[in-house]
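Participant: Input entry_13.csv, format and content: CSV, C-alpha atoms and all ligand atoms.
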chain,number,residue,atom,x,y,z
A,19,MET,CA,3.7,-34.3,264.1
A,20,ARG,CA,5.8,-36.9,262.3
A,21,GLU,CA,8.6,-35.0,260.5
A,22,LEU,CA,11.7,-36.0,258.6
A,23,ASP,CA,14.7,-34.3,260.1
A,24,GLU,CA,17.1,-32.6,257.7
A,25,ALA,CA,20.1,-34.4,259.1
A,26,PHE,CA,18.6,-37.8,258.3
A,27,LEU,CA,17.5,-36.5,254.8
A,28,GLU,CA,21.1,-35.5,254.1
A,29,THR,CA,22.0,-39.2,254.2
A,30,LEU,CA,19.5,-40.1,251.5
A,31,GLY,CA,19.6,-39.9,247.7
A,32,PRO,CA,19.2,-36.8,245.6
A,33,GLN,CA,15.8,-37.7,244.3
A,34,THR,CA,14.5,-38.3,247.8
A,35,ARG,CA,15.8,-34.9,248.9
A,36,ALA,CA,14.2,-33.3,245.8
A,37,VAL,CA,10.9,-34.6,247.0
A,38,ARG,CA,11.2,-34.3,250.8
A,39,SER,CA,13.7,-31.5,251.8
A,40,GLY,CA,12.6,-28.4,253.6
A,41,VAL,CA,9.1,-29.5,254.6
A,42,THR,CA,7.7,-28.1,257.9
A,43,ARG,CA,4.1,-28.9,258.4
A,44,THR,CA,1.6,-26.5,259.9
A,45,ALA,CA,-0.9,-27.6,262.5
A,46,GLU,CA,-3.3,-28.4,259.7
A,47,GLY,CA,-1.3,-31.5,258.8
A,48,GLU,CA,-1.2,-30.8,255.1
A,49,HIS,CA,0.7,-33.2,252.9
A,50,SER,CA,1.6,-30.9,250.0
A,51,GLU,CA,3.6,-27.8,250.8
A,52,PRO,CA,1.4,-24.8,251.6
A,53,ILE,CA,1.6,-21.4,249.9
A,54,PHE,CA,2.1,-18.7,252.6
A,55,ALA,CA,0.4,-15.8,250.8
A,56,THR,CA,1.2,-13.3,253.5
A,57,SER,CA,3.4,-10.2,253.4
A,58,SER,CA,4.0,-9.9,257.1
A,59,TYR,CA,3.8,-12.0,260.3
A,60,VAL,CA,2.4,-11.3,263.8
A,61,PHE,CA,4.5,-11.4,267.0
A,62,ASP,CA,3.6,-12.7,270.5
A,63,SER,CA,4.5,-9.5,272.3
A,64,ALA,CA,6.5,-6.3,271.9
A,65,ALA,CA,9.5,-8.0,273.3
A,66,ASP,CA,9.1,-10.9,270.7
A,67,ALA,CA,8.9,-8.3,267.9
A,68,ALA,CA,12.1,-6.7,269.1
A,69,ALA,CA,13.9,-10.0,269.3
A,70,ARG,CA,12.8,-11.0,265.8
A,71,PHE,CA,13.8,-7.7,264.3
A,72,THR,CA,17.3,-7.9,265.7
A,73,GLY,CA,17.6,-11.5,264.6
A,74,GLU,CA,18.1,-12.6,268.2
A,75,ARG,CA,15.1,-14.9,267.9
A,76,LYS,CA,14.6,-16.8,264.7
A,77,GLY,CA,11.2,-16.4,263.0
A,78,ASN,CA,9.4,-14.7,260.2
A,79,VAL,CA,9.2,-10.9,260.0
A,80,TYR,CA,8.3,-9.7,256.5
A,81,SER,CA,8.1,-11.6,253.2
A,82,ARG,CA,10.7,-9.5,251.4
A,83,TYR,CA,13.2,-11.7,253.3
A,84,THR,CA,11.4,-14.4,255.2
A,85,ASN,CA,8.6,-16.6,253.7
A,86,PRO,CA,8.2,-20.3,254.6
A,87,THR,CA,7.2,-21.3,251.0
A,88,VAL,CA,10.3,-19.6,249.6
A,89,ARG,CA,12.4,-21.2,252.3
A,90,ILE,CA,11.3,-24.7,251.3
A,91,PHE,CA,12.3,-24.0,247.7
A,92,GLU,CA,15.7,-22.7,248.9
A,93,GLN,CA,16.4,-25.6,251.2
A,94,ARG,CA,15.5,-28.1,248.5
A,95,LEU,CA,17.6,-26.4,245.8
A,96,ALA,CA,20.6,-26.1,248.2
A,97,ALA,CA,20.3,-29.8,249.0
A,98,LEU,CA,20.3,-30.7,245.2
A,99,GLU,CA,23.2,-28.4,244.3
A,100,GLY,CA,25.2,-29.5,247.4
A,101,GLY,CA,25.5,-25.9,248.6
A,102,GLU,CA,25.3,-24.7,252.2
A,103,GLN,CA,22.6,-22.2,251.5
A,104,ALA,CA,20.4,-21.0,248.6
A,105,VAL,CA,18.3,-17.9,248.2
A,106,GLY,CA,15.4,-17.3,245.8
A,107,THR,CA,15.2,-14.2,243.6
A,108,SER,CA,12.5,-12.6,241.4
A,109,SER,CA,14.2,-13.8,238.1
A,110,GLY,CA,17.3,-15.3,236.8
A,111,MET,CA,18.7,-11.8,236.0
A,112,ALA,CA,17.9,-10.8,239.6
A,113,ALA,CA,20.0,-13.7,240.8
A,114,ILE,CA,23.0,-12.6,238.7
A,115,LEU,CA,22.5,-9.0,239.7
A,116,SER,CA,22.3,-9.9,243.4
A,117,VAL,CA,25.6,-11.8,243.2
A,118,CYS,CA,27.3,-8.8,241.5
A,119,MET,CA,25.9,-6.2,243.8
A,120,ALA,CA,26.7,-8.2,247.0
A,121,LEU,CA,30.2,-9.3,246.1
A,122,LEU,CA,31.7,-6.8,243.7
A,123,LYS,CA,32.7,-3.2,244.3
A,124,SER,CA,33.8,-0.2,242.1
A,125,GLY,CA,37.2,-0.8,240.6
A,126,ASP,CA,36.7,-4.6,240.3
A,127,HIS,CA,37.1,-6.5,237.1
A,128,VAL,CA,35.0,-9.4,235.8
A,129,ILE,CA,35.9,-12.0,233.2
A,130,CYS,CA,32.8,-13.3,231.5
A,131,SER,CA,32.3,-16.0,228.8
A,132,ALA,CA,31.5,-14.4,225.5
A,133,ASP,CA,28.8,-17.1,225.1
A,134,VAL,CA,26.5,-16.2,228.0
A,135,PHE,CA,22.8,-15.4,227.7
A,136,GLY,CA,22.6,-12.0,225.9
A,137,THR,CA,20.9,-10.2,228.7
A,138,THR,CA,23.7,-11.3,231.1
A,139,SER,CA,26.3,-9.6,229.0
A,140,GLY,CA,24.1,-6.5,228.9
A,141,LEU,CA,24.0,-6.5,232.7
A,142,PHE,CA,27.8,-6.3,232.8
A,143,THR,CA,28.3,-3.8,230.0
A,144,ARG,CA,25.3,-1.5,230.4
A,145,TYR,CA,24.9,-1.4,234.2
A,146,LEU,CA,27.9,-2.7,236.2
A,147,GLU,CA,30.2,-0.6,233.9
A,148,LYS,CA,28.3,2.5,235.1
A,149,PHE,CA,29.3,1.8,238.6
A,150,GLY,CA,33.0,1.2,237.9
A,151,VAL,CA,33.0,-2.6,237.4
A,152,SER,CA,34.6,-3.5,234.1
A,153,THR,CA,34.2,-6.7,232.2
A,154,SER,CA,36.3,-8.6,229.6
A,155,PHE,CA,34.7,-11.2,227.4
A,156,VAL,CA,36.6,-14.3,226.4
A,157,PRO,CA,35.7,-17.5,224.5
A,158,LEU,CA,34.2,-20.0,226.9
A,159,VAL,CA,36.5,-23.0,226.1
A,160,ASP,CA,39.8,-21.1,225.6
A,161,LEU,CA,41.5,-21.5,229.0
A,162,SER,CA,44.6,-19.5,227.9
A,163,ALA,CA,42.3,-16.6,227.0
A,164,TRP,CA,40.8,-16.7,230.6
A,165,ARG,CA,44.3,-16.8,232.1
A,166,ALA,CA,45.5,-13.9,229.8
A,167,ALA,CA,42.5,-11.7,230.8
A,168,VAL,CA,43.3,-11.9,234.5
A,169,ARG,CA,44.3,-8.5,236.1
A,170,PRO,CA,45.2,-7.7,239.7
A,171,GLU,CA,41.7,-6.3,240.2
A,172,THR,CA,39.9,-9.3,238.7
A,173,ALA,CA,37.3,-10.4,241.3
A,174,MET,CA,34.9,-12.7,239.4
A,175,LEU,CA,34.9,-15.3,236.6
A,176,PHE,CA,31.4,-15.8,235.2
A,177,LEU,CA,30.2,-18.5,232.7
A,178,GLU,CA,27.5,-20.9,231.5
A,179,THR,CA,28.2,-24.5,230.5
A,180,PRO,CA,27.0,-26.0,228.2
A,181,SER,CA,26.8,-22.8,226.0
A,182,ASN,CA,23.7,-21.7,224.1
A,183,PRO,CA,23.1,-22.6,221.3
A,184,LEU,CA,26.3,-24.4,220.3
A,185,CYS,CA,26.6,-26.6,223.4
A,186,GLU,CA,30.3,-25.8,224.1
A,187,VAL,CA,31.5,-27.3,227.4
A,188,ALA,CA,33.8,-25.5,229.9
A,189,ASP,CA,36.2,-27.4,232.0
A,190,LEU,CA,34.9,-26.4,235.5
A,191,GLY,CA,37.8,-28.0,237.4
A,192,ALA,CA,40.3,-26.0,235.3
A,193,MET,CA,38.2,-22.8,235.6
A,194,ALA,CA,38.2,-23.3,239.4
A,195,GLU,CA,42.0,-23.4,239.3
A,196,ILE,CA,42.2,-20.2,237.4
A,197,ALA,CA,39.7,-18.6,239.9
A,198,ARG,CA,41.8,-19.7,242.8
A,199,ALA,CA,45.1,-18.6,241.3
A,200,SER,CA,43.7,-15.1,240.5
A,201,ASN,CA,42.0,-14.9,243.9
A,202,SER,CA,38.6,-14.4,242.3
A,203,LEU,CA,35.2,-16.1,242.5
A,204,LEU,CA,34.0,-18.7,240.0
A,205,VAL,CA,30.3,-18.1,239.4
A,206,VAL,CA,28.4,-20.6,237.2
A,207,ASP,CA,25.0,-20.2,235.7
A,208,ASN,CA,23.7,-23.8,235.9
A,209,CYS,CA,20.5,-23.1,234.0
A,210,PHE,CA,21.0,-25.6,231.2
A,211,CYS,CA,22.0,-28.6,233.1
A,212,THR,CA,20.4,-28.0,236.5
A,213,PRO,CA,21.8,-29.9,239.5
A,214,ALA,CA,20.1,-33.0,238.1
A,215,LEU,CA,22.9,-33.2,235.5
A,216,GLN,CA,25.8,-31.1,236.8
A,217,LYS,CA,27.0,-29.9,240.2
A,218,PRO,CA,29.4,-27.0,239.7
A,219,LEU,CA,30.0,-26.5,243.4
A,220,ASP,CA,31.4,-30.0,243.7
A,221,LEU,CA,33.7,-29.2,240.8
A,222,GLY,CA,35.1,-26.1,242.5
A,223,ALA,CA,32.7,-23.3,241.6
A,224,ASP,CA,32.0,-20.8,244.5
A,225,ILE,CA,28.5,-19.8,243.5
A,226,VAL,CA,25.8,-21.2,241.2
A,227,THR,CA,23.0,-19.0,239.7
A,228,HIS,CA,19.8,-20.2,238.2
A,229,SER,CA,17.0,-18.9,236.0
A,230,ALA,CA,14.3,-21.0,237.7
A,231,THR,CA,12.1,-19.9,234.8
A,232,LYS,CA,13.5,-22.7,232.7
A,233,TYR,CA,14.0,-26.3,233.9
A,234,LEU,CA,13.3,-25.8,237.6
A,235,ASP,CA,9.8,-24.8,236.7
A,236,GLY,CA,9.9,-27.0,233.6
A,237,GLN,CA,6.4,-26.1,232.4
A,238,GLY,CA,6.8,-22.4,231.5
A,239,ARG,CA,4.6,-20.9,234.1
A,240,CYS,CA,6.6,-18.5,236.3
A,241,VAL,CA,9.7,-16.2,236.3
A,242,GLY,CA,12.2,-16.7,239.1
A,243,GLY,CA,15.8,-17.3,240.0
A,244,ALA,CA,18.2,-18.5,242.7
A,245,VAL,CA,21.7,-18.3,244.0
A,246,VAL,CA,23.4,-21.2,245.8
A,247,GLY,CA,26.8,-21.4,247.5
A,248,GLY,CA,28.7,-21.2,250.8
A,249,ALA,CA,27.1,-19.5,253.8
A,250,GLU,CA,29.7,-16.7,253.9
A,251,HIS,CA,28.8,-15.4,250.4
A,252,LEU,CA,25.1,-16.2,250.7
A,253,GLN,CA,24.8,-14.0,253.8
A,254,GLU,CA,26.0,-11.1,251.7
A,255,ILE,CA,23.6,-11.9,248.9
A,256,VAL,CA,20.7,-12.4,251.3
A,257,ALA,CA,21.5,-9.0,252.9
A,258,PHE,CA,21.4,-7.4,249.4
A,259,LEU,CA,18.0,-8.9,248.6
A,260,ARG,CA,16.6,-7.9,252.0
A,261,THR,CA,17.7,-4.3,251.4
A,262,CYS,CA,17.2,-3.9,247.6
A,263,GLY,CA,14.2,-6.2,247.2
A,264,PRO,CA,14.3,-8.5,244.0
A,265,THR,CA,12.8,-11.3,246.0
A,266,MET,CA,11.0,-14.5,244.9
A,267,SER,CA,7.2,-14.5,245.4
A,268,PRO,CA,5.6,-17.3,247.5
A,269,PHE,CA,3.4,-18.5,244.7
A,270,ASN,CA,6.4,-18.7,242.3
A,271,ALA,CA,8.4,-20.5,245.0
A,272,TRP,CA,5.6,-23.0,245.3
A,273,VAL,CA,5.6,-23.7,241.6
A,274,PHE,CA,9.4,-24.1,241.6
A,275,LEU,CA,9.5,-26.4,244.6
A,276,LYS,CA,7.0,-28.7,243.1
A,277,GLY,CA,9.0,-28.5,239.9
A,278,LEU,CA,12.1,-29.7,241.8
A,279,GLU,CA,10.2,-32.9,242.8
A,280,THR,CA,10.2,-34.1,239.1
A,281,LEU,CA,13.4,-32.3,238.0
A,282,GLY,CA,15.6,-35.5,237.8
A,283,LEU,CA,13.0,-37.4,235.9
A,284,ARG,CA,12.4,-34.6,233.5
A,285,MET,CA,16.0,-33.8,232.8
A,286,ARG,CA,16.7,-37.5,232.0
A,287,ALA,CA,13.7,-37.5,229.6
A,288,HIS,CA,14.7,-34.2,228.0
A,289,SER,CA,18.3,-35.6,227.5
A,290,GLU,CA,17.2,-38.9,226.1
A,291,ALA,CA,14.9,-37.3,223.6
A,292,ALA,CA,17.5,-34.7,222.6
A,293,MET,CA,20.1,-37.5,222.1
A,294,MET,CA,17.7,-39.5,219.8
A,295,LEU,CA,16.9,-36.4,217.7
A,296,ALA,CA,20.6,-35.4,217.5
A,297,LEU,CA,21.6,-38.8,216.2
A,298,TRP,CA,18.7,-38.7,213.7
A,299,LEU,CA,19.5,-35.2,212.5
A,300,GLN,CA,23.1,-36.1,211.9
A,301,GLN,CA,22.0,-38.6,209.3
A,302,GLN,CA,19.8,-36.1,207.3
A,303,PRO,CA,21.3,-34.9,204.0
A,304,ALA,CA,19.8,-31.4,204.4
A,305,VAL,CA,21.6,-31.0,207.8
A,306,GLU,CA,25.2,-29.8,207.5
A,307,GLN,CA,26.1,-30.0,211.2
A,308,VAL,CA,24.6,-30.9,214.6
A,309,TYR,CA,25.7,-29.4,217.8
A,310,TYR,CA,25.0,-31.6,220.9
A,311,ALA,CA,27.6,-32.6,223.4
A,312,GLY,CA,26.1,-36.1,223.5
A,313,LEU,CA,27.5,-36.7,220.0
A,314,GLU,CA,31.0,-38.2,219.8
A,315,SER,CA,31.7,-35.8,217.0
A,316,HIS,CA,31.2,-32.8,219.4
A,317,PRO,CA,34.5,-31.2,220.7
A,318,GLY,CA,33.1,-31.1,224.2
A,319,HIS,CA,31.9,-34.7,224.3
A,320,ALA,CA,34.7,-36.2,226.5
A,321,LEU,CA,34.5,-33.3,229.0
A,322,ALA,CA,30.7,-33.4,229.1
A,323,THR,CA,30.8,-37.1,229.7
A,324,ARG,CA,33.1,-36.5,232.7
A,325,GLN,CA,31.3,-33.6,234.4
A,326,GLN,CA,27.7,-34.1,233.5
A,327,SER,CA,25.5,-37.1,234.1
A,328,ALA,CA,23.6,-36.5,230.8
A,329,PHE,CA,23.8,-33.9,228.0
A,330,GLY,CA,20.6,-31.9,228.5
A,331,GLY,CA,17.7,-30.9,226.3
A,332,VAL,CA,19.1,-28.2,224.1
A,333,LEU,CA,20.7,-28.9,220.7
A,334,SER,CA,21.2,-27.0,217.5
A,335,PHE,CA,21.8,-27.8,213.8
A,336,VAL,CA,22.8,-26.1,210.6
A,337,VAL,CA,20.7,-26.5,207.4
A,338,ALA,CA,22.2,-26.0,204.0
A,339,GLY,CA,20.8,-22.8,202.4
A,340,GLY,CA,21.3,-20.2,205.1
A,341,ARG,CA,18.6,-18.0,206.6
A,342,GLU,CA,16.0,-18.7,204.0
A,343,ALA,CA,16.2,-22.5,204.4
A,344,ALA,CA,16.2,-22.2,208.2
A,345,TRP,CA,13.1,-20.1,208.2
A,346,ARG,CA,11.4,-22.5,205.8
A,347,CYS,CA,12.3,-25.4,208.0
A,348,ILE,CA,11.0,-23.7,211.2
A,349,ASP,CA,7.8,-22.5,209.5
A,350,ALA,CA,6.9,-26.0,208.3
A,351,THR,CA,7.0,-27.6,211.8
A,352,ARG,CA,3.6,-28.0,213.3
A,353,VAL,CA,4.1,-29.4,216.8
A,354,MET,CA,7.0,-27.4,218.1
A,355,SER,CA,6.4,-23.9,219.6
A,356,LEU,CA,8.1,-21.0,217.8
A,357,THR,CA,9.5,-19.2,220.9
A,358,ALA,CA,12.9,-18.3,222.2
A,359,ASN,CA,12.2,-19.8,225.7
A,360,LEU,CA,13.5,-23.2,226.8
A,361,GLY,CA,13.2,-25.6,229.6
A,362,ASP,CA,9.6,-26.4,229.0
A,363,ALA,CA,7.6,-29.7,228.5
A,364,LYS,CA,6.7,-28.2,225.1
A,365,THR,CA,9.5,-28.3,222.6
A,366,THR,CA,10.6,-24.9,221.3
A,367,ILE,CA,12.3,-24.0,218.0
A,368,VAL,CA,14.1,-20.8,217.2
A,369,HIS,CA,16.4,-19.1,214.6
A,370,PRO,CA,19.2,-17.7,216.8
A,371,ALA,CA,20.7,-15.4,214.1
A,372,THR,CA,17.5,-13.3,213.8
A,373,THR,CA,16.2,-13.6,217.3
A,374,THR,CA,18.3,-14.4,220.4
A,375,HIS,CA,21.5,-13.3,218.7
A,376,GLY,CA,19.9,-10.8,216.3
A,377,ARG,CA,21.4,-7.8,218.0
A,378,LEU,CA,24.9,-8.9,217.4
A,379,THR,CA,26.7,-7.7,214.3
A,380,GLN,CA,27.3,-10.1,211.4
A,381,GLU,CA,31.0,-10.1,212.5
A,382,GLN,CA,30.2,-11.0,216.1
A,383,ARG,CA,27.9,-13.8,214.9
A,384,ASP,CA,30.6,-15.1,212.6
A,385,ALA,CA,33.1,-15.0,215.5
A,386,SER,CA,30.7,-17.0,217.8
A,387,GLY,CA,29.7,-19.5,215.1
A,388,ILE,CA,26.0,-18.4,214.9
A,389,ARG,CA,25.5,-19.2,211.2
A,390,ASP,CA,22.5,-18.1,209.2
A,391,GLY,CA,21.4,-21.7,208.7
A,392,LEU,CA,21.5,-22.5,212.5
A,393,ILE,CA,18.3,-23.7,214.2
A,394,ARG,CA,18.1,-24.3,218.0
A,395,ILE,CA,15.6,-26.6,219.6
A,396,ALA,CA,14.9,-27.1,223.3
A,397,VAL,CA,13.5,-30.6,223.3
A,398,GLY,CA,10.4,-31.0,225.5
A,399,LEU,CA,8.5,-34.1,226.7
A,400,GLU,CA,6.3,-34.9,223.7
A,401,ASP,CA,6.7,-38.3,221.9
A,402,VAL,CA,10.0,-38.3,220.2
A,403,ALA,CA,8.5,-39.9,217.1
A,404,ASP,CA,6.2,-36.9,216.7
A,405,LEU,CA,9.1,-34.4,217.2
A,406,GLN,CA,11.2,-36.3,214.6
A,407,ALA,CA,8.3,-36.3,212.1
A,408,ASP,CA,7.9,-32.5,212.8
A,409,LEU,CA,11.6,-31.9,211.9
A,410,ALA,CA,11.3,-34.2,208.9
A,411,ARG,CA,8.4,-32.0,207.7
A,412,GLY,CA,10.7,-29.0,208.3
A,413,LEU,CA,13.6,-30.4,206.4
A,414,ALA,CA,11.4,-31.6,203.5
A,415,ALA,CA,10.1,-28.0,203.1
A,416,ILE,CA,13.6,-26.7,202.5
A,417,ALA,CA,13.8,-28.6,199.2
A,418,SER,CA,10.2,-28.1,198.1
A,419,PRO,CA,8.4,-25.3,199.9
A,501,LIG,C1,16.8,-17.2,230.8
A,501,LIG,C2,18.2,-17.2,231.2
A,501,LIG,C3,18.6,-16.3,232.2
A,501,LIG,C4,17.7,-15.2,232.7
A,501,LIG,O1,16.7,-15.7,233.5
A,501,LIG,P1,15.3,-14.9,233.7
A,501,LIG,O2,14.6,-15.8,234.6
A,501,LIG,O3,14.7,-14.8,232.3
A,501,LIG,O4,15.6,-13.6,234.2
A,501,LIG,C5,19.9,-16.4,232.6
A,501,LIG,N1,20.8,-17.3,232.2
A,501,LIG,C6,20.4,-18.2,231.3
A,501,LIG,C7,21.3,-19.3,230.8
A,501,LIG,C8,19.1,-18.2,230.8
A,501,LIG,O5,18.7,-19.1,229.8
Please lay out the structure from this file as C-alpha cells.
Facilitator:
Amino acid sequence: MRELDEAFLETLGPQTRAVRSGVTRTAEGEHSEPIFATSSYVFDSAADAAARFTGERKGNVYSRYTNPTVRIFEQRLAALEGGEQAVGTSSGMAAILSVCMALLKSGDHVICSADVFGTTSGLFTRYLEKFGVSTSFVPLVDLSAWRAAVRPETAMLFLETPSNPLCEVADLGAMAEIARASNSLLVVDNCFCTPALQKPLDLGADIVTHSATKYLDGQGRCVGGAVVGGAEHLQEIVAFLRTCGPTMSPFNAWVFLKGLETLGLRMRAHSEAAMMLALWLQQQPAVEQVYYAGLESHPGHALATRQQSAFGGVLSFVVAGGREAAWRCIDATRVMSLTANLGDAKTTIVHPATTTHGRLTQEQRDASGIRDGLIRIAVGLEDVADLQADLARGLAAIASP
C-alpha cells in the first residue's frame, strides 16, 4: 500500500506533518485514521507472545501501553513539538503527575511558577509533598526569584507561559539557562500556546506537558493529556504509565489526532479574534485595563513577539466597579458560554476571583493581580462582530442594569 514514510515527512512543513504524520494503514485501505477499540492483541505463536512481552519483537501487547490510535496521536504531537518522543495520558493532570513520578524522587525540590493552573499547584503541595518532594512557588516573570529559590536538591523547574489569566510571559531561553546551571529539568506546560504558536523544546525546555482537553481537541469533547521530550526522559515516563496506568483511551486519542489536523488554523483564528477584541476593549471607557500579550502596552509584548508566532486565544480585562460590575457584565452576555473551560470553538467567559481563583485568600489574589473586576475570556471561533456586540452588551449593563 502507498505510504508516506516518516523520514520524508520530517522534511515537510508543520501543517503537512499535523495532517499526515503517524499514519499506518490497515489492510482495509481506510483514508481516515481508524480507532483501535481493543484492549489486547493476539499473537502468532507462543514464541511470538514471549518475544513481544520481552520487547525483543516490536508489536502490540495490551492497550494500557500499546495502541495504534494512541500511537498516531503521539507521533503527530511529537512531530509538531519537535520532540523525539511523545506519550498520551488520561488527562493534563496525569501528564504532569507522570513527569513527576517518573523523574523525581523523595528529597528532591521543585520550583514552580506561582501562576500555574490551580490544580497543578495542588498536585505539588497536597500530593508530592507527602512523598518527600518539596515545592517553592515564585512569580513567573521574576528571574532573580527563580535563581534565589535554587537549592542543591532542586531537580525541576515547572511553569506555564503565557500565564492564566493575566497573560504574563516567561523568558524560556533564560529559564533554560537557570535549569542548566542548577542541573535541573525545565518542564513547560504548553497548553495555552500549543506547538502551533510556541515550541518550548526549541527554546531549551527539556519536557513539554499538555492538557489535550483544551486546544488539541479544540471543541470541548474529551479529557486527555500528553508529555513530549527527549527519548531518555520519555522512556522513564512511558514505564511509569505502563506500570501505574493513567493512559489515554483510543477514542480520545482519535479525537485529539483529528484535532491536530486543524490546530494551526484554529490557533491562528483564535489569536486574530482575541487581538481584535483586545484592541476594542482597550478603547471602552468602562474597561480599566486589558491583559493580552498582543497589545504593545503589555509588559510581556516584546518577549511574546520573539518566542511565540501569535498571542493565543485567552485575554482578560478589568471593569470599573469590582465584583458587582464584573458579574453584571458577564450575566448580560448572551453568546458566550459561562464556564471556566477554555480552548473551545465556543467562546467562554468567567470571573476568576470567584471561580478559578476563588480558593485563594484575598491576600493571595491581591499578590497575583486577580482583581475583583477582572473578567477572563477564551475567544472561540464565532464571528468576531457577534462577540464584540456581546461584550458591548455586557459593558452597557454595568452602567444601567
Ligand atoms: C486544564 C489545564 C490543565 C489540566 O488538564 P486536565 O486535562 O483538565 O487534567 C493543566 N494545565 C493547564 C494550563 C490547564 O489549562
Participant: Using only C-alpha atoms, find the one residue out of A:Ser202, A:Thr373, A:Ser124, A:Gln406 that sits nearest to Gly136 (chain A).
Facilitator: A:Thr373
Participant: Could you pull out every residue with an atom within 12 Å of (9.5, -38.4, 213.4), file coordinates, counting all atoms listed in the file, and send them as a PyMOL selection string?
Facilitator: chain A and resi 291+294-295+298-299+351-353+400-413
Participant: Rank nothing, just name the residue among A:Val256, A:Ala97, A:Ala173, A:Met19 nearest to Ala45 (chain A), using all atoms listed in the file.
Facilitator: A:Met19
Participant: Give the residue list for ligand LIG 501 (chain A) at 7 Å, counting all atoms listed in the file, as number ranges by chain, sorted by chain and then by residue number.
Facilitator: A: 109-112, 134-135, 138, 178, 207, 209-210, 228-232, 241-243
Participant: Do a neighbour search on Ala199 (chain A) at 12 Å with all atoms listed in the file, toss out local chain neighbours closer than 5 positions, and write the hits as a VMD selection string.
Facilitator: chain A and resid 164 to 165 168 to 170 172 to 175 192 to 194 204
Participant: Please provide the set of residues having any atom within 12 Å of Ser315 (chain A), restricted to only C-alpha atoms, with same-chain residues fewer than 5 positions apart removed, written as a VMD selection string.
Facilitator: chain A and resid 296 to 297 300 307 to 310 320
Participant: Residues within 12 Å of Thr34 (chain A), please, as a VMD selection string. Count only C-alpha atoms; anything in the same chain fewer than 4 positions from it doesn't count.
Facilitator: chain A and resid 22 24 26 to 30 38 to 40 94 97 to 98 278 to 282
Participant: Tell me which protein, DNA and RNA residues are within 8 Å of Ala338 (chain A), counting only C-alpha atoms, leaving out same-chain ones fewer than 2 positions away, and put them as number ranges by chain.
Facilitator: A: 304-306, 336, 340, 343, 391
Participant: Quote the spacing between CA of Glu250 (chain A) and CA of Val205 (chain A) in Å to one decimal place.
Facilitator: 14.6 Å
Participant: CA of Ala244 (chain A) and CA of Asn359 (chain A), how far apart in Å?
Facilitator: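 Computing the Euclidean distance for CA of Asn359 (chain A) and CA of Ala244 (chain A) yields 18.1 Å.
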Participant: Find the residues with any atom within 9 Å of (17.4, -25.0, 221.9); use only C-alpha atoms and the coordinates as given in the file, and write the answer as a PDB file with C-alpha atoms, keeping the file's coordinate frame.
Facilitator:
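The result, written out as selection28.pdb:
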ATOM      1  CA  ASN A 182      23.700 -21.700 224.100  1.00  0.00           C
ATOM      2  CA  PRO A 183      23.100 -22.600 221.300  1.00  0.00           C
ATOM      3  CA  GLY A 331      17.700 -30.900 226.300  1.00  0.00           C
ATOM      4  CA  VAL A 332      19.100 -28.200 224.100  1.00  0.00           C
ATOM      5  CA  LEU A 333      20.700 -28.900 220.700  1.00  0.00           C
ATOM      6  CA  SER A 334      21.200 -27.000 217.500  1.00  0.00           C
ATOM      7  CA  ALA A 358      12.900 -18.300 222.200  1.00  0.00           C
ATOM      8  CA  ASN A 359      12.200 -19.800 225.700  1.00  0.00           C
ATOM      9  CA  LEU A 360      13.500 -23.200 226.800  1.00  0.00           C
ATOM     10  CA  GLY A 361      13.200 -25.600 229.600  1.00  0.00           C
ATOM     11  CA  THR A 365       9.500 -28.300 222.600  1.00  0.00           C
ATOM     12  CA  THR A 366      10.600 -24.900 221.300  1.00  0.00           C
ATOM     13  CA  ILE A 367      12.300 -24.000 218.000  1.00  0.00           C
ATOM     14  CA  VAL A 368      14.100 -20.800 217.200  1.00  0.00           C
ATOM     15  CA  ILE A 393      18.300 -23.700 214.200  1.00  0.00           C
ATOM     16  CA  ARG A 394      18.100 -24.300 218.000  1.00  0.00           C
ATOM     17  CA  ILE A 395      15.600 -26.600 219.600  1.00  0.00           C
ATOM     18  CA  ALA A 396      14.900 -27.100 223.300  1.00  0.00           C
ATOM     19  CA  VAL A 397      13.500 -30.600 223.300  1.00  0.00           C
TER      20      VAL A 397
END
Participant: Return the single residue from A:Ser355, A:Ser108, A:Ser267, A:Gln302 that is closest to Ser81 (chain A), with distances computed using all atoms listed in the file.
Facilitator: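 Closest residue, counting all atoms listed in the file: A:Ser267.
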Participant: Just the number, please: distance in Å from CA of Leu177 (chain A) to CA of Leu158 (chain A), one decimal.
Facilitator: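 CA of Leu177 (chain A) sits 7.2 Å away from CA of Leu158 (chain A).
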Participant: Show me, as a list in words, the residues that have an atom within 8 Å of Val245 (chain A) when counting only C-alpha atoms, minus same-chain residues fewer than 5 positions from it.
Facilitator: Ala104, Val105, Gly106, Thr107, Ala113, Ile114, Val117, Ile225, Val226, Thr227, His228 and Leu252 of chain A
Participant: Using all atoms listed in the file, which of the listed residues (A:Gly330, A:Gly376, A:Phe61, A:Ala350) sits closest to Lys76 (chain A)?
Facilitator: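 Among the listed residues, the smallest separation from Lys76 (chain A) belongs to A:Phe61.
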Participant: Considering all atoms listed in the file, can you say which of A:Gly100, A:Gly150, A:Gly140, A:Pro268 comes closest to Leu221 (chain A)?
Facilitator: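 Comparing A:Gly100, A:Gly150, A:Gly140, A:Pro268 against Leu221 (chain A), the winner is A:Gly100.
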Participant: Would you please work out which residue, of A:Lys364, A:Arg70, A:Arg75, A:Arg89, is nearest to Thr42 (chain A) when using only C-alpha atoms?
Facilitator: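 Closest to Thr42 (chain A), using only C-alpha atoms: A:Arg89.
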